[in-house]
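This is start-v4.csv (CSV, C-alpha atoms).
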```
chain,number,residue,atom,x,y,z
A,1,MET,CA,0.0,0.0,0.0
A,2,SER,CA,2.7,2.5,1.0
A,3,SER,CA,4.7,1.7,-2.1
A,4,LEU,CA,1.7,3.0,-4.2
A,5,LEU,CA,1.0,6.0,-1.9
A,6,LYS,CA,4.6,7.2,-1.7
A,7,ASP,CA,4.2,8.8,-5.1
A,8,ILE,CA,2.0,11.5,-3.5
A,9,TYR,CA,5.5,13.0,-2.8
A,10,SER,CA,5.9,13.9,-6.4
A,11,PRO,CA,7.8,16.7,-8.3
A,12,ALA,CA,4.4,18.4,-8.7
A,13,PHE,CA,3.7,18.3,-5.0
A,14,TYR,CA,7.1,19.8,-4.1
A,15,ASP,CA,6.7,22.5,-6.8
A,16,ARG,CA,3.4,23.6,-5.3
A,17,LEU,CA,4.7,23.4,-1.8
A,18,SER,CA,7.8,25.5,-2.8
A,19,ASP,CA,5.6,28.2,-4.3
A,20,VAL,CA,3.9,28.6,-0.9
A,21,LEU,CA,7.2,28.5,1.0
A,22,LEU,CA,8.5,31.2,-1.3
A,23,GLN,CA,5.7,33.4,-0.1
A,24,THR,CA,6.0,32.6,3.6
A,25,VAL,CA,9.6,31.6,4.5
A,26,PRO,CA,12.1,34.5,4.5
A,27,SER,CA,15.0,33.9,2.1
A,28,PHE,CA,13.6,30.5,1.0
A,29,ASP,CA,15.7,29.0,-1.8
A,30,LYS,CA,13.4,26.9,-3.9
A,31,GLU,CA,16.2,25.4,-6.1
A,32,LYS,CA,18.2,24.3,-3.0
A,33,PHE,CA,15.1,22.8,-1.3
A,34,ILE,CA,14.1,20.8,-4.4
A,35,SER,CA,17.6,19.5,-5.0
A,36,GLN,CA,17.9,18.4,-1.3
A,37,ILE,CA,14.5,16.7,-1.5
A,38,PHE,CA,15.4,14.7,-4.6
A,39,ASP,CA,18.6,13.3,-3.3
A,40,LYS,CA,20.2,10.1,-4.5
A,41,ASP,CA,18.1,8.0,-2.1
A,42,PHE,CA,14.7,9.6,-2.7
A,43,GLU,CA,13.5,6.9,-5.1
A,44,ASN,CA,14.2,4.1,-2.6
A,45,LYS,CA,12.3,5.9,0.2
A,46,GLU,CA,8.8,4.6,1.1
A,47,LEU,CA,5.9,6.7,2.2
A,48,LYS,CA,6.8,7.3,5.8
A,49,ALA,CA,10.5,7.8,4.9
A,50,ARG,CA,9.6,10.5,2.4
A,51,MET,CA,7.3,12.2,4.9
A,52,LYS,CA,10.1,12.4,7.5
A,53,HIS,CA,12.6,13.4,4.8
A,54,THR,CA,10.4,16.3,3.8
A,55,ALA,CA,10.3,17.6,7.4
A,56,GLN,CA,14.1,17.2,7.8
A,57,VAL,CA,14.8,19.1,4.5
A,58,LEU,CA,12.5,21.9,5.5
A,59,HIS,CA,14.0,22.2,9.0
A,60,PRO,CA,17.2,24.3,8.1
A,61,PHE,CA,15.1,26.8,6.2
A,62,LEU,CA,13.2,27.7,9.3
A,63,PRO,CA,14.3,30.0,12.2
A,64,GLU,CA,16.5,28.6,15.0
A,65,ASP,CA,14.0,29.5,17.7
A,66,TYR,CA,11.4,26.8,17.9
A,67,GLY,CA,8.5,29.1,18.8
A,68,LYS,CA,9.2,31.2,15.7
A,69,ARG,CA,9.4,28.0,13.6
A,70,VAL,CA,5.9,27.1,14.9
A,71,ASP,CA,4.6,30.6,14.0
A,72,LEU,CA,6.1,30.2,10.5
A,73,LEU,CA,4.4,26.8,10.1
A,74,PHE,CA,1.1,28.6,10.8
A,75,ASP,CA,1.9,31.0,8.0
A,76,ILE,CA,2.7,28.1,5.7
A,77,ILE,CA,-0.6,26.4,6.4
A,78,THR,CA,-2.4,29.7,5.9
A,79,GLY,CA,-0.7,30.0,2.5
A,80,LEU,CA,-1.5,26.4,1.6
A,81,ARG,CA,-5.2,27.1,2.4
A,82,LYS,CA,-5.2,30.2,0.2
A,83,ASN,CA,-3.5,28.1,-2.5
A,84,ASN,CA,-6.2,25.3,-2.2
A,85,SER,CA,-3.4,22.8,-1.7
A,86,GLY,CA,-5.4,19.9,-0.3
A,87,GLU,CA,-6.5,20.3,3.3
A,88,ASP,CA,-6.4,16.9,5.0
A,89,GLY,CA,-4.2,15.6,2.3
A,90,LEU,CA,-2.0,12.7,3.3
A,91,ALA,CA,1.1,14.3,1.9
A,92,PHE,CA,0.9,17.1,4.5
A,93,MET,CA,1.5,14.6,7.3
A,94,PHE,CA,5.0,15.9,7.3
A,95,LEU,CA,3.8,18.9,9.2
A,96,PRO,CA,2.7,16.9,12.3
A,97,ASP,CA,5.8,14.8,11.9
A,98,TYR,CA,7.9,18.0,12.1
A,99,ILE,CA,6.4,18.8,15.5
A,100,GLU,CA,7.0,15.3,16.7
A,101,THR,CA,10.6,15.3,15.5
A,102,TYR,CA,11.7,18.8,16.6
A,103,GLY,CA,9.3,19.8,19.4
A,104,MET,CA,9.3,17.1,22.0
A,105,ASN,CA,11.2,19.3,24.5
A,106,ASP,CA,9.0,22.4,24.1
A,107,TYR,CA,5.6,21.4,25.5
A,108,GLU,CA,3.8,24.8,25.3
A,109,ASN,CA,4.7,25.6,21.7
A,110,SER,CA,4.1,22.1,20.5
A,111,VAL,CA,0.7,22.0,22.1
A,112,ARG,CA,-0.4,25.1,20.3
A,113,ALA,CA,1.2,23.8,17.1
A,114,ILE,CA,-0.8,20.5,17.4
A,115,GLU,CA,-4.0,22.4,18.0
A,116,PHE,CA,-3.5,24.5,14.9
A,117,ILE,CA,-2.1,21.9,12.5
A,118,THR,CA,-4.7,19.3,13.3
A,119,GLN,CA,-7.3,21.6,11.8
A,120,PHE,CA,-5.4,21.3,8.5
A,121,VAL,CA,-4.1,17.7,8.7
A,122,SER,CA,-4.7,15.3,11.5
A,123,CYS,CA,-2.1,15.1,14.3
A,124,GLU,CA,-3.5,11.8,15.7
A,125,PHE,CA,-0.1,10.0,15.2
A,126,SER,CA,2.3,12.8,16.3
A,127,VAL,CA,0.4,13.6,19.5
A,128,ARG,CA,1.0,10.2,20.9
A,129,PRO,CA,4.7,10.7,21.8
A,130,PHE,CA,3.7,13.7,23.8
A,131,ILE,CA,1.2,11.6,25.7
A,132,LEU,CA,3.9,9.1,26.5
A,133,LYS,CA,6.4,11.8,27.6
A,134,TYR,CA,4.1,14.3,29.4
A,135,GLY,CA,1.5,11.8,30.8
A,136,ASP,CA,-1.3,13.4,32.8
A,137,ARG,CA,-0.4,16.9,31.7
A,138,MET,CA,-1.0,16.0,28.0
A,139,LEU,CA,-4.1,13.9,28.8
A,140,ALA,CA,-5.6,16.9,30.6
A,141,GLN,CA,-5.0,18.9,27.4
A,142,MET,CA,-6.7,16.2,25.3
A,143,THR,CA,-9.7,16.3,27.6
A,144,ALA,CA,-9.8,20.1,27.3
A,145,TRP,CA,-9.7,19.8,23.6
A,146,SER,CA,-12.9,17.6,23.7
A,147,PHE,CA,-14.7,21.0,24.3
A,148,HIS,CA,-13.0,22.8,21.4
A,149,GLU,CA,-15.1,24.7,18.9
A,150,ASN,CA,-13.4,23.0,15.9
A,151,HIS,CA,-14.6,19.4,15.3
A,152,LYS,CA,-11.1,18.3,14.1
A,153,VAL,CA,-9.6,19.2,17.4
A,154,ARG,CA,-12.4,17.4,19.2
A,155,ARG,CA,-11.8,14.4,17.1
A,156,LEU,CA,-8.1,14.5,17.9
A,157,SER,CA,-8.9,14.3,21.6
A,158,SER,CA,-10.5,10.9,21.0
A,159,GLU,CA,-8.5,9.6,18.0
A,160,GLY,CA,-5.1,10.6,19.4
A,161,THR,CA,-5.8,8.7,22.7
A,162,ARG,CA,-7.1,5.5,21.2
A,163,PRO,CA,-5.2,2.7,22.9
A,164,ARG,CA,-5.1,0.6,19.7
A,165,LEU,CA,-5.0,3.2,17.0
A,166,PRO,CA,-3.9,1.3,13.8
A,167,TRP,CA,-0.4,2.0,12.4
A,168,ALA,CA,0.3,4.2,15.4
A,169,MET,CA,2.6,4.2,18.4
A,170,ALA,CA,1.2,2.1,21.3
A,171,LEU,CA,-0.1,3.7,24.5
A,172,PRO,CA,0.4,0.7,26.8
A,173,GLU,CA,-0.8,2.5,30.0
A,174,LEU,CA,-4.1,3.3,28.4
A,175,LYS,CA,-4.5,-0.3,27.2
A,176,LYS,CA,-4.2,-1.4,30.8
A,177,ASN,CA,-6.3,1.4,32.3
A,178,PRO,CA,-8.4,3.7,30.0
A,179,ALA,CA,-9.8,5.5,33.0
A,180,PRO,CA,-8.0,8.8,32.2
A,181,VAL,CA,-9.7,9.1,28.8
A,182,LEU,CA,-13.2,8.1,29.8
A,183,PRO,CA,-14.2,11.7,30.7
A,184,LEU,CA,-13.3,13.0,27.2
A,185,LEU,CA,-15.4,10.2,25.7
A,186,GLU,CA,-18.3,11.3,27.9
A,187,ASN,CA,-17.9,14.8,26.7
A,188,LEU,CA,-18.0,13.7,23.0
A,189,LYS,CA,-20.8,11.1,23.2
A,190,ASN,CA,-23.4,13.7,21.9
A,191,ASP,CA,-21.0,15.5,19.5
A,192,PRO,CA,-22.7,17.1,16.5
A,193,SER,CA,-20.0,15.8,14.2
A,194,GLU,CA,-20.5,12.3,12.8
A,195,TRP,CA,-16.7,12.2,12.2
A,196,VAL,CA,-16.1,12.8,15.9
A,197,ARG,CA,-18.8,10.3,17.0
A,198,ARG,CA,-17.2,7.6,14.7
A,199,SER,CA,-13.9,8.2,16.4
A,200,VAL,CA,-15.6,7.7,19.8
A,201,ALA,CA,-17.1,4.4,18.6
A,202,ASN,CA,-13.7,3.2,17.4
A,203,HIS,CA,-12.1,4.3,20.6
A,204,ILE,CA,-14.7,2.3,22.6
A,205,ASN,CA,-14.1,-0.7,20.4
A,206,ASP,CA,-10.4,-0.4,21.2
A,207,ILE,CA,-11.1,-0.4,24.9
A,208,ALA,CA,-13.4,-3.4,24.6
A,209,LYS,CA,-10.5,-5.6,23.4
A,210,ASP,CA,-8.6,-5.1,26.7
A,211,ASN,CA,-11.3,-4.0,29.2
A,212,PRO,CA,-14.7,-5.4,28.1
A,213,ASP,CA,-16.3,-4.8,31.5
A,214,ILE,CA,-15.7,-1.0,31.1
A,215,VAL,CA,-17.5,-1.0,27.8
A,216,ILE,CA,-20.4,-3.2,29.0
A,217,GLU,CA,-20.9,-0.8,31.9
A,218,MET,CA,-20.8,2.2,29.5
A,219,ALA,CA,-23.3,0.5,27.2
A,220,LYS,CA,-25.7,0.2,30.1
A,221,ARG,CA,-25.2,3.8,31.2
A,222,TRP,CA,-25.5,5.3,27.8
A,223,LYS,CA,-28.5,3.2,26.7
A,224,GLY,CA,-31.4,5.3,25.5
A,225,LEU,CA,-29.8,8.7,26.1
A,226,HIS,CA,-29.9,9.6,22.4
A,227,LYS,CA,-30.1,7.7,19.1
A,228,GLU,CA,-26.6,8.9,18.2
A,229,THR,CA,-25.3,7.7,21.5
A,230,ASP,CA,-27.0,4.3,21.0
A,231,ALA,CA,-25.3,4.0,17.6
A,232,ILE,CA,-21.9,4.9,19.1
A,233,ILE,CA,-22.0,2.2,21.7
A,234,LYS,CA,-23.4,-0.4,19.4
A,235,HIS,CA,-20.6,0.2,16.9
A,236,GLY,CA,-18.1,0.3,19.8
A,237,SER,CA,-19.4,-3.1,21.0
A,238,ARG,CA,-18.8,-4.8,17.6
A,239,THR,CA,-15.8,-6.8,18.7
A,240,LEU,CA,-17.6,-8.0,21.8
A,241,LEU,CA,-20.6,-9.0,19.7
A,242,LYS,CA,-18.4,-10.9,17.3
A,243,GLN,CA,-16.8,-12.6,20.2
A,244,GLY,CA,-20.2,-13.6,21.5
A,245,HIS,CA,-19.6,-12.0,24.9
A,246,PRO,CA,-22.5,-13.1,27.1
A,247,GLU,CA,-23.0,-9.8,28.8
A,248,ILE,CA,-23.2,-7.7,25.7
A,249,LEU,CA,-25.5,-10.2,24.0
A,250,LYS,CA,-27.8,-10.0,27.1
A,251,HIS,CA,-27.6,-6.2,27.0
A,252,TYR,CA,-29.0,-6.2,23.4
A,253,GLY,CA,-31.5,-9.0,24.1
A,254,LEU,CA,-29.8,-11.4,21.7
A,255,GLU,CA,-30.7,-14.9,22.8
A,256,SER,CA,-30.2,-17.9,20.6
A,257,LYS,CA,-32.9,-20.2,22.1
A,258,ASP,CA,-35.9,-21.2,20.0
A,259,ILE,CA,-34.0,-20.3,16.8
A,260,GLN,CA,-33.5,-23.3,14.5
A,261,ILE,CA,-31.0,-23.7,11.7
A,262,THR,CA,-31.7,-26.4,9.1
A,263,GLU,CA,-30.4,-27.5,5.7
A,264,PHE,CA,-27.0,-25.8,6.2
A,265,LYS,CA,-25.0,-26.7,3.1
A,266,ILE,CA,-22.0,-25.5,1.2
A,267,SER,CA,-22.8,-25.7,-2.5
A,268,THR,CA,-19.1,-25.3,-3.5
A,269,PRO,CA,-17.4,-27.8,-1.1
A,270,VAL,CA,-14.2,-27.5,-3.2
A,271,THR,CA,-13.6,-23.8,-3.8
A,272,PRO,CA,-10.6,-22.6,-5.9
A,273,ILE,CA,-8.4,-19.8,-4.7
A,274,GLY,CA,-9.7,-16.8,-6.6
A,275,GLY,CA,-13.3,-18.1,-6.6
A,276,ASP,CA,-16.3,-17.8,-4.3
A,277,LEU,CA,-17.6,-20.1,-1.5
A,278,HIS,CA,-21.4,-20.4,-1.7
A,279,PHE,CA,-23.5,-21.5,1.2
A,280,SER,CA,-27.1,-21.4,2.5
A,281,TYR,CA,-29.4,-22.5,5.3
A,282,TYR,CA,-32.9,-22.0,6.6
A,283,LEU,CA,-33.5,-19.9,9.7
A,284,HIS,CA,-36.7,-20.5,11.7
A,285,ASN,CA,-37.8,-18.2,14.6
A,286,GLN,CA,-39.7,-20.8,16.7
A,287,GLU,CA,-40.6,-18.2,19.3
A,288,GLN,CA,-44.3,-17.2,19.5
A,289,LYS,CA,-43.2,-13.6,19.4
A,290,GLU,CA,-40.9,-11.4,17.3
A,291,GLN,CA,-37.3,-11.3,18.2
A,292,THR,CA,-34.1,-9.6,17.1
A,293,ILE,CA,-31.7,-12.1,15.5
A,294,ARG,CA,-28.0,-11.3,14.7
A,295,LEU,CA,-26.6,-13.5,11.9
A,296,GLU,CA,-22.9,-14.1,11.4
A,297,TYR,CA,-20.7,-16.7,9.9
A,298,GLY,CA,-17.3,-17.8,11.0
A,299,LEU,CA,-14.5,-18.7,8.6
A,300,TYR,CA,-11.8,-20.9,9.9
A,301,TYR,CA,-8.9,-20.0,7.5
A,302,ARG,CA,-6.1,-22.5,7.2
A,303,ARG,CA,-2.7,-21.1,8.3
A,304,GLN,CA,0.7,-21.9,6.9
A,305,ASN,CA,1.4,-24.3,9.8
A,306,GLY,CA,-1.9,-26.2,9.2
A,307,SER,CA,-3.8,-24.8,12.1
A,308,LEU,CA,-7.1,-22.9,11.6
A,309,SER,CA,-7.7,-19.2,12.5
A,310,LYS,CA,-11.3,-18.0,12.9
A,311,LYS,CA,-12.6,-14.7,11.5
A,312,VAL,CA,-16.3,-13.6,12.0
A,313,PHE,CA,-18.3,-11.9,9.3
A,314,LYS,CA,-21.7,-10.2,10.0
A,315,ILE,CA,-24.7,-11.0,7.7
A,316,SER,CA,-27.5,-9.0,9.3
A,317,GLU,CA,-29.2,-8.0,12.5
A,318,LYS,CA,-33.0,-7.5,12.3
A,319,VAL,CA,-36.3,-8.4,13.8
A,320,TYR,CA,-37.9,-11.7,12.7
A,321,GLN,CA,-41.6,-12.3,13.3
A,322,ALA,CA,-43.1,-15.2,15.3
A,323,ASN,CA,-42.6,-18.5,13.5
A,324,GLU,CA,-41.0,-16.7,10.5
A,325,LYS,CA,-38.8,-19.0,8.4
A,326,VAL,CA,-36.4,-17.7,5.7
A,327,LYS,CA,-33.6,-19.0,3.5
A,328,ILE,CA,-30.2,-17.3,4.0
A,329,SER,CA,-27.8,-17.5,1.0
A,330,ARG,CA,-24.4,-15.9,1.0
A,331,LYS,CA,-21.0,-16.1,-0.7
A,332,GLN,CA,-17.5,-15.5,0.5
A,333,SER,CA,-14.8,-14.4,-1.9
A,334,PHE,CA,-11.4,-16.0,-2.0
A,335,LYS,CA,-10.0,-13.6,-4.5
A,336,LEU,CA,-6.3,-12.8,-3.9
A,337,ILE,CA,-5.8,-9.8,-1.7
A,338,THR,CA,-2.6,-8.2,-0.3
A,339,THR,CA,-3.8,-8.4,3.3
A,340,ARG,CA,-4.4,-12.1,3.5
A,341,THR,CA,-2.6,-15.2,2.1
A,342,PHE,CA,-4.8,-18.2,1.4
A,343,TYR,CA,-3.4,-21.7,1.9
A,344,PRO,CA,-5.0,-24.6,0.2
A,345,GLY,CA,-6.5,-27.6,2.1
A,346,LEU,CA,-9.2,-28.1,4.7
A,347,GLN,CA,-11.0,-25.0,6.0
A,348,GLN,CA,-14.3,-24.7,8.0
A,349,LEU,CA,-17.4,-22.5,7.9
A,350,SER,CA,-19.8,-22.0,10.8
A,351,VAL,CA,-23.3,-20.4,11.3
A,352,ILE,CA,-23.5,-18.0,14.2
A,353,VAL,CA,-26.8,-16.9,15.6
A,354,ASN,CA,-26.9,-14.2,18.3
A,355,GLY,CA,-23.3,-15.0,19.2
A,356,GLU,CA,-23.8,-18.8,19.4
A,357,GLU,CA,-22.1,-21.0,16.9
A,358,LYS,CA,-24.8,-23.3,15.7
A,359,GLU,CA,-23.3,-25.6,13.0
A,360,ILE,CA,-20.0,-26.0,11.3
A,361,LEU,CA,-19.0,-27.6,8.0
A,362,ASP,CA,-15.7,-28.5,6.3
A,363,PHE,CA,-14.8,-27.3,2.8
A,364,GLU,CA,-11.6,-27.5,0.7
A,365,LEU,CA,-9.7,-24.6,-0.7
A,366,SER,CA,-7.9,-25.7,-3.9
A,367,LEU,CA,-5.2,-24.2,-6.1
```
What is this structure when it is put down as C-alpha cells?
Amino acid sequence: MSSLLKDIYSPAFYDRLSDVLLQTVPSFDKEKFISQIFDKDFENKELKARMKHTAQVLHPFLPEDYGKRVDLLFDIITGLRKNNSGEDGLAFMFLPDYIETYGMNDYENSVRAIEFITQFVSCEFSVRPFILKYGDRMLAQMTAWSFHENHKVRRLSSEGTRPRLPWAMALPELKKNPAPVLPLLENLKNDPSEWVRRSVANHINDIAKDNPDIVIEMAKRWKGLHKETDAIIKHGSRTLLKQGHPEILKHYGLESKDIQITEFKISTPVTPIGGDLHFSYYLHNQEQKEQTIRLEYGLYYRRQNGSLSKKVFKISEKVYQANEKVKISRKQSFKLITTRTFYPGLQQLSVIVNGEEKEILDFELSL
C-alpha cells in the first residue's frame, strides 16, 4: 500500500509546496530545497520515509527559535489554504511529523502547534509521543480539547488517545487502564459531528479488546440517552458482539434459544483460490413472538502451519416475526488480496446466531 502511496510526494507536490514556501519563509531557496528533496536515495524511500525526509529538509530553512518555527508553520498552512493545496491531504502529514521530530522538549509551543495543525491535517499520530512523555499533563490537554469549537480538534482528543490506533505508536498504559480518557469520551458522546462520533465508537471498540467490563458498563449507562449515543455504543461493541460476549448479548437482548438452523450446506465444497464459497441455510424463529436475530458466519482459515484461524463476518441483525422462516444464502470471496494469504486444504465454515455457533461444515480450498 505505502509503495503506491509514496508517489504523492511527487515533483508536482514539491513544486506547489515550494511556491507557498517562497511566499512565507524568508530567504527561502526553492532550487536548493528541491535539490535536497530529490537526493540520491529519494526513489528508494517509502511513504513514511519520504514524509520524514520532507520535514528534515524543511528544517534548516526555518528559524533557529522553535517558537518562531511554529509561527512560520502557521503562516505556511495559511498559505496552503489560500492556494487550495489539499487540506487533510496525506502528503501534509510531514507537518505533524515536524512537531514530533523537533518539538518534544517544548511542550507549550508544541501543544499550540498541534491544536492549529490538526485543523489542517490530523495530528493523531504525532500527538502520541507527547502523551507518553508528558502523561497526565497531556491527557488533561486532550480532555480540554474535547470541548474545542473545531470538530477536528475534538476528534483529535478521541482519536489521538485510542489505545489501539492502527499504524500508530502504542499507548500501553491506556491499554491497561483507560480511566484517564473516559471523561473525554463522555464529553463527546453527543458531539454534533459524525466524524467525531465515529472516532468515539472506534475508541470504545479499542477499549473493549482489553477492558470489556468497562464497555459493558458504559453501554448500560448510555442506553437510550440519544439515538446517536446508542449508535456509538453499538458500533463500539462490535468486537464483543463478534466474540459472542454473554453480557453484551444479554444487553442487546440477543438470545439464541428457539432459533432453529436447518439444511445448512456449502454448494461449492471445493472452492478454488480466486473463486467464491457459496453456502445457504434456513433460519426459523420458533418463538411465539418477534425477536431480534443477529446472523454471522465464522470462517476458519487455514494457516501456513496447518492450524485454523477464525474470523467472524456479519450477515445482518434485524427483527424476525413469530414463526418466521427464511432462507439465507451468501458467498465468501477468496479472490487474492494483499492483506491475506490463502493456503489450500481443509477449512471450515460455521453459522453463528446471536453470538452462538450453531453448526460447522468443512470445505476444501484448492489451487
Please compute the CA of Glu247 (chain A)-CA of Trp222 (chain A) distance, one decimal, in Å.
15.3 Å
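Among the candidate residues A:Ile8, A:Ala219, A:Ile261, A:Ile266, the one lying nearest to Lys358 (chain A) is A:Ile261, with distances computed using only C-alpha atoms.
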Hey, what's within 7 Å of Lys311 (chain A) if we count all atoms listed in the file and toss same-chain stuff fewer than 6 positions away? As an NGL selection string, please?
:A and (298-300)
Pick out the residues sitting within 10 Å of Tyr252 (chain A), and hand them over as a list of chain:residue names; count all atoms listed in the file, and ignore anything fewer than 6 positions along from it in its own chain.
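Those residues are A:Ala219, A:Lys220, A:Lys223, A:Lys234, A:Leu241, A:Thr292, A:Asn354.
Nearest to Lys242 (chain A) of all the residues A:Ile207, A:Ile117, A:Val312, A:Leu277 is A:Val312, counting all atoms listed in the file.
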Can you pull out every residue within 9 Å of region 185-199 of chain A, counting all atoms listed in the file, but drop anything in the same chain fewer than 3 positions away, and send it as a compact mmCIF listing (two decimals) with C-alpha atoms, in the frame of the given file?
```
# COMPACT_ATOMS: atom_id res chain seq x y z
CA THR A 143 -9.70 16.30 27.60
CA SER A 146 -12.90 17.60 23.70
CA PHE A 147 -14.70 21.00 24.30
CA HIS A 151 -14.60 19.40 15.30
CA LYS A 152 -11.10 18.30 14.10
CA ARG A 154 -12.40 17.40 19.20
CA ARG A 155 -11.80 14.40 17.10
CA LEU A 156 -8.10 14.50 17.90
CA SER A 157 -8.90 14.30 21.60
CA SER A 158 -10.50 10.90 21.00
CA GLU A 159 -8.50 9.60 18.00
CA ARG A 162 -7.10 5.50 21.20
CA VAL A 181 -9.70 9.10 28.80
CA LEU A 182 -13.20 8.10 29.80
CA ASN A 202 -13.70 3.20 17.40
CA HIS A 203 -12.10 4.30 20.60
CA ILE A 204 -14.70 2.30 22.60
CA TRP A 222 -25.50 5.30 27.80
CA HIS A 226 -29.90 9.60 22.40
CA GLU A 228 -26.60 8.90 18.20
CA THR A 229 -25.30 7.70 21.50
CA ILE A 232 -21.90 4.90 19.10
CA HIS A 235 -20.60 0.20 16.90
CA GLY A 236 -18.10 0.30 19.80
```
Atomic distance CA of Ala168 (chain A) - CA of Leu58 (chain A), expressed in Å with one decimal:
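We find that CA of Ala168 (chain A) and CA of Leu58 (chain A) lie 23.7 Å from each other.
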